Amino acid sequence: MRMETQVRVLIIDDDVDLASNLRDILEGEGYAVSVAHDAQSALTLCDENTFDLGIVDIKLPDVTGVKLIDRLTEVSPHTEYIIMTGYASLDSAIEAVKQKRIVAYETKPLDMVRFLSLIEQVTKRRQAEEDLVALRKLDQLKDEFMSLISHELRSPLTVIMGAVNTALTEYTRLSEQEMRQLLSDASYEAEVLSHLLGDLLELARAQAGQISLYEEPLDIDEVVRDTVAKIKRQSNAHHFMVRTGGKLPLVKADRLRLERILYNLLDNAVKYSPAGGDVKVFAREDGDCLVIGVSDQGIGIPLEDQQRLFEPFQRLGNKLEGVSGIGLGLVVCQRLVQAHGGRIWVESAGKQGSTFYFTLPVFRETECDGPQVR
Ligand code: ADP
């Protein structure tokens with residue numbers, strides 16, 4: 001029998017030969033098998049391991065199999081059991097099967113073909129139940145995601161509609177400055193919306209393995225300055241420092257994708273740090289690549305959370321009031337950086353801010369003359 005995850009079986013029988021034969025047969029079928037010959041060692045094993053299935057002799061030297069299963073269920077509530085019984089104890093076995101965790105009984109001497117098929121049935125049913133639980137969880141996640149995304153899409157749309165409607169209905173009464181403010185609010189929210197949809201599209205492409213890049217030699221300083229200017233137009237509450245000038249080599253990258261990576265990192269640096277803080281972008285050459293860093297003086301990221309941030313829709317409990325998001329920006333950064341052959345990581349020491357780093361390949365004159373699409 002083929003199993004995706006190995007099913008763990010515990011045999012509990014004081015008949016050493018029978019237990020050992022059974023172990024060999026079950027291991028041959030792909031199960032992970034442990035053996036105990038008495039109640040105490042069974043309890044110790046259950047304490048240290050998790051078993052899917054217990055195969056228990058109804059008569060053990062120190063306790064009955066049924067009583068032992070009662071105690072094992074306290075230690076390991078999710079294990080199910082098959083009772084092995086002689087004809088003399090058949091009635092008590094049938095009685096035992098009426099209990100919740102004992103799913104079947106089999107009389108000794110065991111008919112191996114039947115017994116294996118019984119184990120297979122039990123484990124298949126169990127796996128089907130586990131799959132169902134996982135599917136339900138996925139379904140629930142999908143619902144949560146849909147409600148999160150519709151909220152994130154709806155709020156900028158509400159502002160845009162409100163601003164445009166007011167401009168349309170009140171245009172005779174509004175001053176030029178008020179009109180300008182309305183249109184600038186609408187324009188800002190339209191950019192937010194467009195960026196969010198762009199991120200969603202990039203993630204969908206990445207999941208389908210369909211990111212194609214338009215790579216060309218780029219001056220990192222120029223792209224950084226353009227992106228910082230774009231961020232500043234949206235919020236000027238931070239002090240931006242750009243340290244990407246000097247004698248750095250050109251990078252080989254897709255300009256729009258590079259802007260998106262920088263935008264997401266800068267946007268986070270602004271979102272997750274208090275107004276007035278420094279946001280710094282810097283770069284250094286390291287062998288065949290350029291390391292680019294974006295640092296802030298914000299709330300920081302605990303070490304144990306740093307890895308999962310690059311998974312889709314992960315948000316930490318470190319959110320600031322009024323800061324929205326759906327946990328999309330960093331995963332998009334990671335997929336785009338990886339598509340360029342680079343890597344991305346974060347360093348953060350407690351509450352003293354965070355620095356996100358990513359690498360991009362340096363452009364070599366010898367590679368080719370014009371842009372490359374891949
Ligand atoms: P979003 O900002 O939409 O939640 P991201 O994928 O950009 O999604 O970020 C995921 C999470 O990582 C954020 O919710 C936040 O908890 C954390 N995070 C990202 N950047 C920073 C940062 N510069 N400082 C502190 N926390 C951050």
# chains A, B, ... in the order shown; residues from 1 in each chain; ligands from 1
$ residues_near_ligand --ligand "ligand 1" --cutoff "6 Å" --atoms "only C-alpha atoms and all ligand atoms" --output "PyMOL selection string"
chain A and resi 268-269+272+298-301+309+314-316+318-319+325-331+354
$ residues_around --residues "Leu256 of chain A" --least-positions-apart "2" --cutoff "10 Å" --atoms "only C-alpha atoms" --output "PDB file with N, CA, C and O atoms, in the first residue's frame"
ATOM      1  N   LEU A 213      10.262  38.471 -17.560  1.00  0.00           N
ATOM      2  CA  LEU A 213      10.940  39.738 -17.253  1.00  0.00           C
ATOM      3  C   LEU A 213      11.437  40.423 -18.516  1.00  0.00           C
ATOM      4  O   LEU A 213      11.817  39.759 -19.481  1.00  0.00           O
ATOM      5  N   TYR A 214      11.441  41.739 -18.471  1.00  0.00           N
ATOM      6  CA  TYR A 214      12.051  42.530 -19.533  1.00  0.00           C
ATOM      7  C   TYR A 214      13.296  43.134 -18.897  1.00  0.00           C
ATOM      8  O   TYR A 214      13.245  44.178 -18.250  1.00  0.00           O
ATOM      9  N   GLU A 215      14.410  42.428 -19.032  1.00  0.00           N
ATOM     10  CA  GLU A 215      15.609  42.848 -18.294  1.00  0.00           C
ATOM     11  C   GLU A 215      16.478  43.794 -19.124  1.00  0.00           C
ATOM     12  O   GLU A 215      16.725  43.542 -20.301  1.00  0.00           O
ATOM     13  N   VAL A 223      16.430  54.585 -10.318  1.00  0.00           N
ATOM     14  CA  VAL A 223      15.155  53.900 -10.024  1.00  0.00           C
ATOM     15  C   VAL A 223      14.744  54.167  -8.569  1.00  0.00           C
ATOM     16  O   VAL A 223      13.568  54.417  -8.279  1.00  0.00           O
ATOM     17  N   ALA A 253      17.902  44.228 -14.613  1.00  0.00           N
ATOM     18  CA  ALA A 253      16.582  44.033 -13.999  1.00  0.00           C
ATOM     19  C   ALA A 253      15.468  44.572 -14.879  1.00  0.00           C
ATOM     20  O   ALA A 253      15.698  45.335 -15.809  1.00  0.00           O
ATOM     21  N   ASP A 254      14.266  44.136 -14.538  1.00  0.00           N
ATOM     22  CA  ASP A 254      13.045  44.633 -15.183  1.00  0.00           C
ATOM     23  C   ASP A 254      12.632  45.889 -14.414  1.00  0.00           C
ATOM     24  O   ASP A 254      12.335  45.818 -13.211  1.00  0.00           O
ATOM     25  N   LEU A 258      11.374  46.168 -10.573  1.00  0.00           N
ATOM     26  CA  LEU A 258      12.280  46.729  -9.561  1.00  0.00           C
ATOM     27  C   LEU A 258      11.570  47.864  -8.806  1.00  0.00           C
ATOM     28  O   LEU A 258      11.657  47.983  -7.582  1.00  0.00           O
ATOM     29  N   GLU A 259      10.836  48.684  -9.545  1.00  0.00           N
ATOM     30  CA  GLU A 259      10.075  49.763  -8.898  1.00  0.00           C
ATOM     31  C   GLU A 259       9.052  49.175  -7.920  1.00  0.00           C
ATOM     32  O   GLU A 259       8.846  49.698  -6.825  1.00  0.00           O
ATOM     33  N   ARG A 260       8.409  48.084  -8.338  1.00  0.00           N
ATOM     34  CA  ARG A 260       7.387  47.467  -7.475  1.00  0.00           C
ATOM     35  C   ARG A 260       8.016  46.932  -6.180  1.00  0.00           C
ATOM     36  O   ARG A 260       7.483  47.100  -5.090  1.00  0.00           O
ATOM     37  N   ILE A 261       9.185  46.302  -6.300  1.00  0.00           N
ATOM     38  CA  ILE A 261       9.875  45.777  -5.101  1.00  0.00           C
ATOM     39  C   ILE A 261      10.203  46.939  -4.157  1.00  0.00           C
ATOM     40  O   ILE A 261       9.895  46.907  -2.963  1.00  0.00           O
ATOM     41  N   LEU A 262      10.821  47.968  -4.729  1.00  0.00           N
ATOM     42  CA  LEU A 262      11.222  49.118  -3.897  1.00  0.00           C
ATOM     43  C   LEU A 262       9.997  49.803  -3.298  1.00  0.00           C
ATOM     44  O   LEU A 262       9.993  50.172  -2.114  1.00  0.00           O
TER      45      LEU A 262
END
$ residues_around --residues "Asp47 of chain A" --least-positions-apart "3" --cutoff "7 Å" --atoms "only C-alpha atoms" --output "list in words"
Leu43, Thr44 and Val75 of chain A
$ write_last_selection --atoms "C-alpha atoms" --output "PDB file, in the first residue's frame"
ATOM      1  CA  LEU A  43       2.281   4.555  27.950  1.00  0.00           C
ATOM      2  CA  THR A  44       5.880   5.759  27.711  1.00  0.00           C
ATOM      3  CA  VAL A  75      -2.286  10.729  26.748  1.00  0.00           C
TER       4      VAL A  75
END
$ residues_around --residues "segment 56-63 of chain A" --least-positions-apart "3" --cutoff "9 Å" --atoms "only C-alpha atoms" --output "list of chain:residue names"
A:Leu10, A:Ile11, A:Ile12, A:Asp13, A:Asp14, A:Asp15, A:His37, A:Asp38, A:Ala39, A:Gln40, A:Val66, A:Lys67, A:Leu68, A:Ile69, A:Tyr81, A:Ile82, A:Ile83, A:Met84, A:Thr85, A:Gly86, A:Ser89, A:Ser92, A:Ala93
$ closest_residue --among "A:Asp267, A:Leu174, A:Thr158, A:Pro361" --to "Val323 of chain A" --atoms "only C-alpha atoms"
A:Asp267
$ residues_around --residues "Ala167 of chain A" --least-positions-apart "4" --cutoff "8 Å" --atoms "only C-alpha atoms" --output "ChimeraX atom specification"
/A:163,171,174,179,182-183
$ write_last_selection --atoms "C-alpha atoms" --output "short mmCIF file (atom, residue, chain, number, x, y, z; two decimals), in the first residue's frame"
data_model
loop_
_atom_site.label_atom_id
_atom_site.label_comp_id
_atom_site.auth_asym_id
_atom_site.auth_seq_id
_atom_site.Cartn_x
_atom_site.Cartn_y
_atom_site.Cartn_z
CA ALA A 163 -14.66 62.57 -4.37
CA TYR A 171 -18.42 71.97 -8.87
CA LEU A 174 -16.25 74.50 -4.78
CA MET A 179 -11.60 70.87 -6.26
CA LEU A 182 -10.85 66.23 -4.11
CA LEU A 183 -9.17 65.19 -7.32
#
$ select_by_dssp --residues "segment 45-283 of chain A" --states "strand (DSSP E)" --output "ChimeraX atom specification"
/A:53-57,80-85,102-107,214-218,239-243,251-254,278-283
$ atom_distance --atom1 "atom CA of His239 of chain A" --atom2 "atom CA of Arg335 of chain A"
28.6 Å
$ closest_residue --among "A:Thr79, A:Gln121, A:Thr244, A:Gln307" --to "Val346 of chain A" --atoms "only C-alpha atoms"
A:Gln307
$ closest_residue --among "A:Ile211, A:Leu45, A:Leu303, A:Leu72" --to "His340 of chain A" --atoms "only C-alpha atoms"
A:Ile211
$ closest_atom_pairs --of "segment 169-223 of chain A" --to "segment 273-295 of chain A" --cutoff "12 Å" --atoms "only C-alpha atoms" --output "CSV"
residue,atom,partner,partner_atom,distance
A:Leu218,CA,A:Leu290,CA,11.7
A:Asp219,CA,A:Leu290,CA,11.2
A:Ile220,CA,A:Ala283,CA,8.3
A:Asp221,CA,A:Ala283,CA,8.8
A:Val223,CA,A:Val281,CA,11.4
$ select_by_dssp --residues "segment 89-338 of chain A" --states "alpha helix (DSSP H)" --output "PyMOL selection string"
chain A and resi 90-97+112-170+176-207+220-234+255-271+329-338
$ closest_residue --among "A:Gln207, A:Asn49, A:Ser41, A:Ser348" --to "Val332 of chain A" --atoms "only C-alpha atoms"
A:Gln207
$ atom_distance --atom1 "atom CA of Arg71 of chain A" --atom2 "atom CA of Gln6 of chain A"
24.8 Å
$ closest_residue --among "A:Leu157, A:Leu116, A:Ala36, A:Val337" --to "Ser194 of chain A" --atoms "only C-alpha atoms"
A:Leu157
$ residues_around --residues "Gly341 of chain A" --least-positions-apart "2" --cutoff "9 Å" --atoms "only C-alpha atoms" --output "PyMOL selection string"
chain A and resi 336-339+343+359-361
$ write_last_selection --atoms "C-alpha atoms" --output "PDB file, in the first residue's frame"
ATOM      1  CA  LEU A 336       9.991  39.148  -8.149  1.00  0.00           C
ATOM      2  CA  VAL A 337      13.452  39.138  -6.572  1.00  0.00           C
ATOM      3  CA  GLN A 338      13.677  35.374  -7.083  1.00  0.00           C
ATOM      4  CA  ALA A 339      12.591  35.734 -10.717  1.00  0.00           C
ATOM      5  CA  ARG A 343      17.206  36.709  -2.704  1.00  0.00           C
ATOM      6  CA  THR A 359      20.049  41.236  -4.238  1.00  0.00           C
ATOM      7  CA  LEU A 360      20.003  41.795  -7.993  1.00  0.00           C
ATOM      8  CA  PRO A 361      22.536  40.622 -10.566  1.00  0.00           C
TER       9      PRO A 361
END
$ atom_distance --atom1 "atom CA of Val270 of chain A" --atom2 "atom CA of Arg180 of chain A"
24.9 Å
